[in-house]
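Enquirer: First the structure, which I've put down as structure tokens, then a few questions once you've had a look.
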Amino acid sequence: MEAIVNFCKQTGFYLISVDPKMLIMIAIAFVLSYLAIVKKFEPLLLLPIAFGMLLTNLPGAGMYHEELFADGYVHWNMFGGQGDITPGLVDYLYLGVKLGIYPCLIFMGVGAMTDFGPLLANPKSLLLGAAAQLGIFITFVGARYMGFTSAQASSIGIIGGADGPTAIYVTSLLAPELLGPIAVAAYSYMALVPVIQPPIMKLLTTKAERRIVMRELRPVSKREKILFPFIVTAFVAFLVPSATPLVGSIMLGNLFRETGVCDRLSKTAQNELMNIVTIFLGVSVGATATAATFLSWDTIKILCMGVVAFGLGTAGGVLLAKFMNLFLKEKINPLIGSAGVSAVPMAARVSQVVGQKENPGNFLLMHAMGPNVAGVIGSAIAAGVLIALFG
Amino acid sequence: MEAIVNFCKQTGFYLISVDPKMLIMIAIAFVLSYLAIVKKFEPLLLLPIAFGMLLTNLPGAGMYHEELFADGYVHWNMFGGQGDITPGLVDYLYLGVKLGIYPCLIFMGVGAMTDFGPLLANPKSLLLGAAAQLGIFITFVGARYMGFTSAQASSIGIIGGADGPTAIYVTSLLAPELLGPIAVAAYSYMALVPVIQPPIMKLLTTKAERRIVMRELRPVSKREKILFPFIVTAFVAFLVPSATPLVGSIMLGNLFRETGVCDRLSKTAQNELMNIVTIFLGVSVGATATAATFLSWDTIKILCMGVVAFGLGTAGGVLLAKFMNLFLKEKINPLIGSAGVSAVPMAARVSQVVGQKENPGNFLLMHAMGPNVAGVIGSAIAAGVLIALFG
Amino acid sequence: MEAIVNFCKQTGFYLISVDPKMLIMIAIAFVLSYLAIVKKFEPLLLLPIAFGMLLTNLPGAGMYHEELFADGYVHWNMFGGQGDITPGLVDYLYLGVKLGIYPCLIFMGVGAMTDFGPLLANPKSLLLGAAAQLGIFITFVGARYMGFTSAQASSIGIIGGADGPTAIYVTSLLAPELLGPIAVAAYSYMALVPVIQPPIMKLLTTKAERRIVMRELRPVSKREKILFPFIVTAFVAFLVPSATPLVGSIMLGNLFRETGVCDRLSKTAQNELMNIVTIFLGVSVGATATAATFLSWDTIKILCMGVVAFGLGTAGGVLLAKFMNLFLKEKINPLIGSAGVSAVPMAARVSQVVGQKENPGNFLLMHAMGPNVAGVIGSAIAAGVLIALFG
Amino acid sequence: MELSNTFVCVMGMGIVFIGLICLVLLCVLMSKIVALTTPAKPFEESAKVSAAPIGAVPAAAVIPNRAELVAAISAAIAEDLGDSIDSFRINAIKRV
Amino acid sequence: MELSNTFVCVMGMGIVFIGLICLVLLCVLMSKIVALTTPAKPFEESAKVSAAPIGAVPAAAVIPNRAELVAAISAAIAEDLGDSIDSFRINAIKRV
Amino acid sequence: MELSNTFVCVMGMGIVFIGLICLVLLCVLMSKIVALTTPAKPFEESAKVSAAPIGAVPAAAVIPNRAELVAAISAAIAEDLGDSIDSFRINAIKRV
Ligand code: NA
Ligand code: NA
Ligand code: NA
């Protein structure tokens with residue numbers, strides 16, 4: 001009889017009656033799944049995140065144990081199974097996040113999928129990619145005023161970089177306790193770029209500006225494309241050493257792509273390796289969103305500040321483009337500035353769509369790809385600065 | 001001269017003369033390879049298992065060290081190479097088994113390959129999948145009477161679940177010392193389903209029953225297929241938390257498949273990731289079958305009880321189907337009950353083949369797929385109960 | 001202000017001014033990249049190696065920490081992030097090299113790509129594969145005279161085996177401090193085989209010998225091809241147990257290929273798994289080439305002795321072929337002896353090309369494939385002997 | 001305390017049956033809810049989904065020539081059966 | 001010592017801008033050097049590389065029928081835009 | 001005790017040669033056993049296996065036109081040689 005009682009006390013039905021907060025988390029997991037599946041919000045990551053969130057909040061399942069990673073470092077001695085905790089599947093997968101492995105491997109795949117040609121054809125784009133990082137730092141200040149620590153504020157600000165792997169990398173280093181809400185915010189807002197950006201873009205530009213037609217981009221030689229990854233890696237690593245893992249990974253992937261001598265590595269980096277890591281990353285990041293950490297005012301604050309960060313980044317890019325037009329003979333269309341937030345390639349598509357509404361014969365996509373990929377480099381540098389200051 | 005003697009003492013020829021039992025193990029490895037290659041007994045797993053068994057029993061090769069995993073937990077401190085033991089390749093690969101990672105990843109791939117449509121079209125199938133777990137528990141009792149501990153008896157019983165990953169997951173948790181024989185039994189008998197099941201099915205059914213034609217299954221909407229994984233994960237995790245890793249993994253894979261928004265993840269989960277894990281799992285499970293653990297009466301007992309478990313499971317499914325027919329207006333063909341043991345999709349094919357011998361126009365395959373996949377869920381629940389009781 | 005100074009002291013520009021040796025390493029990394037990309041020297045490995053070398057020598061980036069692997073073993077306690085060192089991405093990837101996992105997995109892929117048919121059709125080829133290991137041992141002696149320890153001399157000698165994974169496996173076990181130069185030498189010289197070998201081959205053979213036409217190879221049955229991996233694994237493991245990981249891996253991969261029942265495993269082993277491991281191996285091996293270890297006379301010595309080892313191996317193979325011709329009724333073309341150094345399939349192509357210059361109707365390729373793959377087995381045995389003596 | 005065999009068996013099969021019976025109910029409930037909430041054209045959607053061989057039957061059922069239907073299904077199942085194709089023979093095309 | 005907000009912002013945006021401005025210069029420099037060192041036939045090489053839709057324009061620019069050109073580019077971009085293809089319509093083929 | 005150079009060399013090359021000589025013997029032995037135990041139609045099986053270009057020769061050897069054969073083999077080998085294809089030229093079709 002006692003055994004039956006014991007067994008019942010192990011069931012989730014009993015545990016949930018003790019702590020019903022988990023039901024809210026399960027509901028949130030379902031909402032996120034809905035957004036991923038039906039609304040197609042970055043489903044490749046949001047669906048695993050939502051499922052990880054579901055798994056971690058199933059009472060008694062023991063899929064993820066925060067204690068193993070308490071105080072920001074990995075307690076290896078608790079991983080063998082001798083102690084009170086029996087680590088679960090997600091604990092092992094989470095190691096790849098905690099140790100900064102997954103974001104770098106995903107960035108390698110991103111690099112293998114990225115064409116820096118439009119950026120090389122118009123290097124001025126890089127400036128727009130710099131201006132769009134404005135959101136990161138203003139949000140950082142805002143987050144500090146709202147009571148977050150500097151490390152946490154950095155992680156929240158980096159949402160405005162609109163790069164999932166960068167946000168996860170910085171957060172896992174500086175504020176792992178916020179990984180759940182920050183990942184959800186980053187990927188949701190990246191999917192919402194077509195909703196968030198257009199009003200800001202229209203507000204800050206005149207009809208005439210939006211109608212500016214840009215000159216065709218010059219063709220870029222293979223040689224330039226091959227040299228570019230080396231130059232960026234070496235220079236960024238010299239300037240901000242802590243950005244090296246991110247920048248180095250993306251540039252290694254890009255090198256596989258552009259040299260043409262490593263096609264099988266390029267193919268694997270952008271397909272199988274990336275898919276495997278995406279599954280592991282998504283599930284384990286989602287699993288950090290336990291009821292205790294996720295159900296708090298901080299999460300609401302982070303979600304609010306995230307959207308502010310995106311908006312300010314968009315504004316920064318557009319405004320710098322307008323400012324540059326004061327000096328340039330050949331005007332640039334300020335709509336491509338918004339693409340500087342990254343969110344590749346969605347933000348560039350938004351520039352194209354908004355631009356074409358004013359002038360159907362205007363093709364901004366390729367021009368916007370320049371700032372778009374520049375934004376990835378810009379965010380990585382910003383991330384490096386924040387890690388250097390607060391890591 | 002002394003050096004030559006030393007070197008000779010390191011060769012396998014010397015070592016085997018000291019302990020010739022390993023020759024028997026090598027012979028067994030060849031027999032298993034023969035079964036895998038020529039008889040095509042689940043070759044994807046049995047060939048790596050056989051090769052792992054060969055490697056581990058090559059004297060002096062030091063591919064696998066039981067001491068690293070003694071007493072049921074992982075001795076991390078011995079992994080660095082400071083101690084007397086230099087861990088070998090298989091030791092590292094075995095970590096994925098020991099920590100319960102591989103079975104879950106394989107289940108994710110299985111989920112991505114499984115269509116739960118036939119089950120949803122006829123939910124009654126789930127009951128047949130429950131009845132077929134009878135073999136697990138009766139075998140458990142038998143194993144206890146034969147002198148095994150409760151934990152060992154659980155691992156032996158779970159052979160009757162006819163699910164490789166479930167059997168390996170339970171055994172690696174409860175009785176890692178029996179991993180070799182249990183894995184061999186589980187995969188061999190899964191391959192032998194077309195031999196083991198038909199006599200039992202014919203014995204327990206009348207010719208008239210075997211000729212029953214079932215109504216076509218209703219089409220199942222995509223929506224149902226997407227909701228199903230969530231419902232199963234949440235419900236099973238609540239009822240038996242310890243089954244969550246298995247059920248969660250299979251349902252995550254199924255979600256990748258059914259949502260259609262994660263096609264690249266689904267493809268990778270069921271191909272490359274699954275293949276990589278299969279190689280690692282097979283080789284390292286085979287490597288646990290050292291002469292010391294494998295060459296004992298226990299192995300013989302396990303092999304005998306394994307086939308009993310399969311037989312009883314088959315009988316359980318068939319008999320429940322007959323019992324249900326007492327109450328149902330639309331009779332079901334009891335031959336589909338045997339598919340409840342899982343062994344997807346072989347057991348369902350057996351139902352089809354046996355049914356067609358009596359009535360060539362009778363197509364039971366799709367009807368049998370329902371109990372077949374239900375058996376996977378049933379076994380996972382049974383596994384969860386056993387882990388909760390004896391883990 | 002102080003903060004700005006602190007930040008500046010973190011930049012690579014400051015650090016490089018303190019220790020400018022790293023600039024030389026970065027230049028070397030660019031040279032290697034040039035060789036990989038433009039000259040197509042084994043680009044699949046040399047490009048990742050060069051990039052790893054670049055990353056590890058970016059001052060302040062902290063991608064790789066030798067201290068974690070000091071004294072030849074892994075300091076797990078420093079991996080959690082509690083100590084002074086924060087392990088970087090490359091440190092984690094390097095574990096796969098240090099623990100001997102990557103070379104074995106690559107060998108599995110090599111096995112899945114290798115056809116031992118030509119070897120089985122003409123088993124005498126195995127002797128040529130043995131003779132070509134001469135370079136390993138003579139170089140070993142030379143290296144000892146030049147002041148290297150026995151363990152280091154073994155690692156240097158094994159360059160003459162012309163097998164990348166074997167060289168890396170031996171070096172990571174015996175002399176990890178030399179991993180960078182040895183890997184660079186091994187892969188560069190493998191790419192230079194068409195330059196290194198022909199003069200030696202011509203010097204040691206007469207025109208008449210080079211014109212010898214060999215009889216067509218007999219067809220080899222599938223059965224022989226399936227039995228071969230078992231025989232080699234078992235026999236070599238008995239003779240030299242320490243060669244088992246290498247030989248076992250290549251033979252497991254070959255078994256996947258030849259049995260035909262594990263096609264999906266074979267495909268994954270030679271594609272995705274191999275590509276992933278190649279990226280990780282290349283980057284992390286390259287990363288061991290820090291300025292401190294690479295910029296020394298030892299590196300120059302290793303590069304010199306590596307080419308000597310290749311040359312002596314070539315000579316050994318050719319001379320044994322000539323010696324065998326003294327006794328054989330059906331003469332063999334001594335040009336196929338040079339293929340015994342491995343460097344599959346390049347060395348075999350060299351035999352074909354050199355042979356055809358003398359006699360355009362002479363097709364040596366298939367005949368040279370025999371010694372070529374035999375050289376892989378021979379090098380693995382030699383590696384096993386050296387590990388057994390100095391491991 | 002060692003658990004009795006009876007306890008383990010009853011408990012084990014009990015939980016398995018309770019679990020799967022509840023899943024039956026949940027599935028039926030879900031199907032009902034989905035059917036209610038799916039607006040209009042449920043047929044078109046489901047037709048797309050049921051790519052399974054048997055699923056094609058409803059549409060094919062109106063074809064007068066039953067023989068062709070059986071042959072088609074047989075072929076589909078045979079393909080599905082894979083390696084055990086030898087053990088499968090259509091003795092005659094007869095109306096069922 | 002807690003760093004001030006102003007410091008972090010100025011420092012942060014400063015480094016980002018310095019970094020990317022330097023990269024602009026390096027890229028321009030690199031392009032110049034590559035252009036100088038590339039012997040002769042730079043057109044052929046670049047033409048092969050510029051598989052991007054816009055890159056095809058130089059060659060196509062000599063075609064008299066501008067309309068076809070616009071249509072071709074539109075199609076290429078539309079393809080690139082993927083799922084947001086609905087939001088994209090060519091109202092008229094007009095000379096720009 | 002430091003091992004002498006002679007010892008290492010003799011030992012090393014010795015083991016390598018002993019090992020590979022034994023493998024030669026084992027391979028020959030295996031081939032014999034396989035040939036003995038393979039019932040009847042060994043030709044058909046082996047023909048399927050020997051997809052290698054040279055393996056095709058036995059069948060082709062009866063073709064009177066030797067020239068075509070050489071051309072075919074050359075093409076097969078050329079394909080196999082891959083990037084070093086330039087260094088390979090058939091000077092003339094002559095009987096060997
Ligand atoms: Na960005
Ligand atoms: Na089952
Ligand atoms: Na070799």
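Quick note on naming: the chains in the structure tokens go A, B, ... in the order shown, residues restart at 1 in each chain, and ligands are numbered from 1 in order of appearance.
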Once you count only C-alpha atoms and all ligand atoms, which residues end up within 8 Å of ligand 2, and could you hand them over as a PyMOL selection string?
Expert: chain B and resi 129+132-133+160-163+340-343+372-380
Enquirer: Could you write those residues out with N, CA, C and O atoms, as a CSV table (one decimal), in the first residue's frame?
Expert:
```
chain,number,residue,atom,x,y,z
B,129,GLY,N,-1.9,-2.4,-28.0
B,129,GLY,CA,-0.5,-2.1,-27.6
B,129,GLY,C,-0.2,-2.2,-26.1
B,129,GLY,O,0.9,-2.4,-25.7
B,132,ALA,N,0.0,-6.2,-25.2
B,132,ALA,CA,1.2,-6.8,-25.6
B,132,ALA,C,2.4,-6.6,-24.7
B,132,ALA,O,3.4,-7.2,-24.8
B,133,GLN,N,2.2,-5.7,-23.7
B,133,GLN,CA,3.2,-5.5,-22.7
B,133,GLN,C,3.2,-6.6,-21.6
B,133,GLN,O,4.0,-6.7,-20.7
B,160,GLY,N,10.8,-8.0,-23.9
B,160,GLY,CA,9.5,-8.3,-24.5
B,160,GLY,C,8.8,-7.1,-25.0
B,160,GLY,O,7.8,-7.2,-25.7
B,161,GLY,N,9.3,-5.9,-24.8
B,161,GLY,CA,8.8,-4.7,-25.3
B,161,GLY,C,9.1,-4.6,-26.8
B,161,GLY,O,8.5,-3.8,-27.5
B,162,ALA,N,10.1,-5.4,-27.2
B,162,ALA,CA,10.5,-5.4,-28.7
B,162,ALA,C,10.9,-4.1,-29.2
B,162,ALA,O,10.6,-3.8,-30.4
B,163,ASP,N,11.4,-3.2,-28.4
B,163,ASP,CA,12.0,-1.9,-28.8
B,163,ASP,C,13.4,-1.8,-28.4
B,163,ASP,O,13.7,-1.7,-27.2
B,340,GLY,N,1.1,-5.5,-31.6
B,340,GLY,CA,1.2,-4.6,-30.4
B,340,GLY,C,2.6,-4.7,-29.7
B,340,GLY,O,2.9,-3.9,-28.9
B,341,VAL,N,3.3,-5.8,-30.0
B,341,VAL,CA,4.6,-5.9,-29.3
B,341,VAL,C,5.7,-4.8,-29.8
B,341,VAL,O,6.8,-4.7,-29.3
B,342,SER,N,5.3,-4.0,-30.8
B,342,SER,CA,6.2,-3.1,-31.5
B,342,SER,C,7.0,-3.9,-32.5
B,342,SER,O,6.4,-4.6,-33.3
B,343,ALA,N,8.3,-3.8,-32.5
B,343,ALA,CA,9.1,-4.4,-33.6
B,343,ALA,C,8.6,-3.8,-34.9
B,343,ALA,O,8.4,-4.5,-35.9
B,372,ASN,N,0.9,-1.5,-33.7
B,372,ASN,CA,2.4,-1.6,-33.8
B,372,ASN,C,3.0,-0.3,-33.1
B,372,ASN,O,3.9,-0.4,-32.3
B,373,VAL,N,2.5,0.9,-33.5
B,373,VAL,CA,3.1,2.1,-33.0
B,373,VAL,C,2.6,2.3,-31.5
B,373,VAL,O,3.3,2.9,-30.7
B,374,ALA,N,1.4,1.8,-31.2
B,374,ALA,CA,0.9,1.9,-29.9
B,374,ALA,C,1.8,1.1,-28.9
B,374,ALA,O,2.1,1.5,-27.8
B,375,GLY,N,2.4,0.0,-29.4
B,375,GLY,CA,3.3,-0.8,-28.6
B,375,GLY,C,4.5,-0.1,-28.2
B,375,GLY,O,5.1,-0.3,-27.1
B,376,VAL,N,5.0,0.9,-29.0
B,376,VAL,CA,6.1,1.7,-28.7
B,376,VAL,C,5.8,2.5,-27.4
B,376,VAL,O,6.6,2.6,-26.5
B,377,ILE,N,4.6,3.2,-27.5
B,377,ILE,CA,4.2,4.0,-26.3
B,377,ILE,C,4.0,3.1,-25.1
B,377,ILE,O,4.4,3.5,-24.0
B,378,GLY,N,3.4,2.0,-25.3
B,378,GLY,CA,3.1,1.1,-24.2
B,378,GLY,C,4.4,0.6,-23.5
B,378,GLY,O,4.5,0.6,-22.3
B,379,SER,N,5.4,0.2,-24.3
B,379,SER,CA,6.7,-0.2,-23.8
B,379,SER,C,7.3,0.9,-23.0
B,379,SER,O,8.0,0.7,-22.0
B,380,ALA,N,7.2,2.1,-23.6
B,380,ALA,CA,7.9,3.2,-22.9
B,380,ALA,C,7.2,3.5,-21.5
B,380,ALA,O,8.0,3.7,-20.5
```
Enquirer: I'd like a table as JSON lines: residues in chain A with an atom no more than 8 Å from chain C, each row giving the shortest atom pair and its distance in Å to one decimal, only C-alpha atoms counted, sorted by chain and rising residue number.
Expert:
```
{"residue": "A:Tyr73", "atom": "CA", "partner": "C:Gly81", "partner_atom": "CA", "distance": 5.5}
{"residue": "A:Val74", "atom": "CA", "partner": "C:Gly80", "partner_atom": "CA", "distance": 4.7}
{"residue": "A:His75", "atom": "CA", "partner": "C:Gly80", "partner_atom": "CA", "distance": 6.6}
{"residue": "A:Trp76", "atom": "CA", "partner": "C:Gly80", "partner_atom": "CA", "distance": 6.7}
{"residue": "A:Leu99", "atom": "CA", "partner": "C:Leu89", "partner_atom": "CA", "distance": 7.6}
{"residue": "A:Gly100", "atom": "CA", "partner": "C:Leu89", "partner_atom": "CA", "distance": 6.7}
{"residue": "A:Ile101", "atom": "CA", "partner": "C:Leu89", "partner_atom": "CA", "distance": 5.9}
{"residue": "A:Cys104", "atom": "CA", "partner": "C:Leu89", "partner_atom": "CA", "distance": 7.8}
{"residue": "A:Ala234", "atom": "CA", "partner": "C:Leu58", "partner_atom": "CA", "distance": 7.1}
{"residue": "A:Ala237", "atom": "CA", "partner": "C:Leu58", "partner_atom": "CA", "distance": 6.4}
{"residue": "A:Phe238", "atom": "CA", "partner": "C:Gly12", "partner_atom": "CA", "distance": 3.9}
{"residue": "A:Leu239", "atom": "CA", "partner": "C:Thr11", "partner_atom": "CA", "distance": 5.2}
{"residue": "A:Val240", "atom": "CA", "partner": "C:Thr11", "partner_atom": "CA", "distance": 5.7}
{"residue": "A:Pro241", "atom": "CA", "partner": "C:Ala61", "partner_atom": "CA", "distance": 4.4}
{"residue": "A:Ser242", "atom": "CA", "partner": "C:Ala61", "partner_atom": "CA", "distance": 5.8}
{"residue": "A:Ala243", "atom": "CA", "partner": "C:Ala61", "partner_atom": "CA", "distance": 7.7}
{"residue": "A:Thr244", "atom": "CA", "partner": "C:Ala61", "partner_atom": "CA", "distance": 5.8}
{"residue": "A:Pro245", "atom": "CA", "partner": "C:Leu89", "partner_atom": "CA", "distance": 7.0}
{"residue": "A:Gly248", "atom": "CA", "partner": "C:Leu55", "partner_atom": "CA", "distance": 7.2}
{"residue": "A:Leu252", "atom": "CA", "partner": "C:Phe51", "partner_atom": "CA", "distance": 7.2}
{"residue": "A:Thr259", "atom": "CA", "partner": "C:Ile37", "partner_atom": "CA", "distance": 6.2}
{"residue": "A:Val261", "atom": "CA", "partner": "C:Pro43", "partner_atom": "CA", "distance": 6.2}
{"residue": "A:Cys262", "atom": "CA", "partner": "C:Leu44", "partner_atom": "CA", "distance": 5.5}
{"residue": "A:Arg264", "atom": "CA", "partner": "C:Asn275", "partner_atom": "CA", "distance": 6.9}
{"residue": "A:Leu265", "atom": "CA", "partner": "C:Asn275", "partner_atom": "CA", "distance": 5.6}
{"residue": "A:Thr268", "atom": "CA", "partner": "C:Glu272", "partner_atom": "CA", "distance": 6.1}
{"residue": "A:Ala269", "atom": "CA", "partner": "C:Ile276", "partner_atom": "CA", "distance": 7.4}
{"residue": "A:Glu272", "atom": "CA", "partner": "C:Glu272", "partner_atom": "CA", "distance": 6.9}
{"residue": "A:Leu273", "atom": "CA", "partner": "C:Ile276", "partner_atom": "CA", "distance": 6.8}
{"residue": "A:Ala388", "atom": "CA", "partner": "C:Phe7", "partner_atom": "CA", "distance": 7.5}
{"residue": "A:Leu389", "atom": "CA", "partner": "C:Phe7", "partner_atom": "CA", "distance": 7.6}
```
Enquirer: Pick out the residues sitting within 10 Å of Ser31 (chain D), and hand them over as a PyMOL selection string; count only C-alpha atoms, and ignore anything fewer than 2 positions along from it in its own chain.
Expert: (chain B and resi 120-121+220-221+223-225+227-228) or (chain D and resi 25-29+33-37)
Enquirer: Quick check for you: according to DSSP on this backbone, which residues of region 159-321 of chain A are classed as alpha helix (DSSP H)? Reply as number ranges by chain.
Expert: A: 164-174, 179-191, 193-204, 207-210, 222-239, 244-259, 263-270, 272-287, 291-294, 297-321
Enquirer: Just checking: using only C-alpha atoms, which residue out of B:Met22, B:Thr166, B:Ile4, B:Phe137 ends up closest to chain F?
Expert: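 Closest to chain F of all the choices is B:Ile4.
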Enquirer: Quick one: residues within 12 Å of Ile196 (chain C), only C-alpha atoms, excluding same-chain residues fewer than 3 positions away - as a ChimeraX atom specification?
Expert: /C:188-193,199-202,306-315,338,341,346-347,350
Enquirer: Please indicate the distance in Å from CA of Val213 (chain C) to CA of Ala130 (chain C), rounded to one decimal place.
Expert: 22.8 Å
Enquirer: Any idea which chain F residues end up within 9 Å of chain B if we count only C-alpha atoms, as a PyMOL selection string please?
Expert: chain F and resi 3+7+11
Enquirer: With N, CA and C atoms kept, could you save the residues just selected as a compact mmCIF listing (two decimals), in the first residue's frame?
Expert:
```txt
# COMPACT_ATOMS: atom_id res chain seq x y z
N LEU F 3 65.84 1.83 -25.43
CA LEU F 3 65.96 0.80 -26.45
C LEU F 3 66.93 1.27 -27.53
N PHE F 7 67.56 -2.25 -32.31
CA PHE F 7 66.43 -3.03 -31.81
C PHE F 7 65.11 -2.50 -32.37
N MET F 11 63.06 -4.76 -34.85
CA MET F 11 61.77 -5.10 -34.26
C MET F 11 60.63 -4.53 -35.11
```
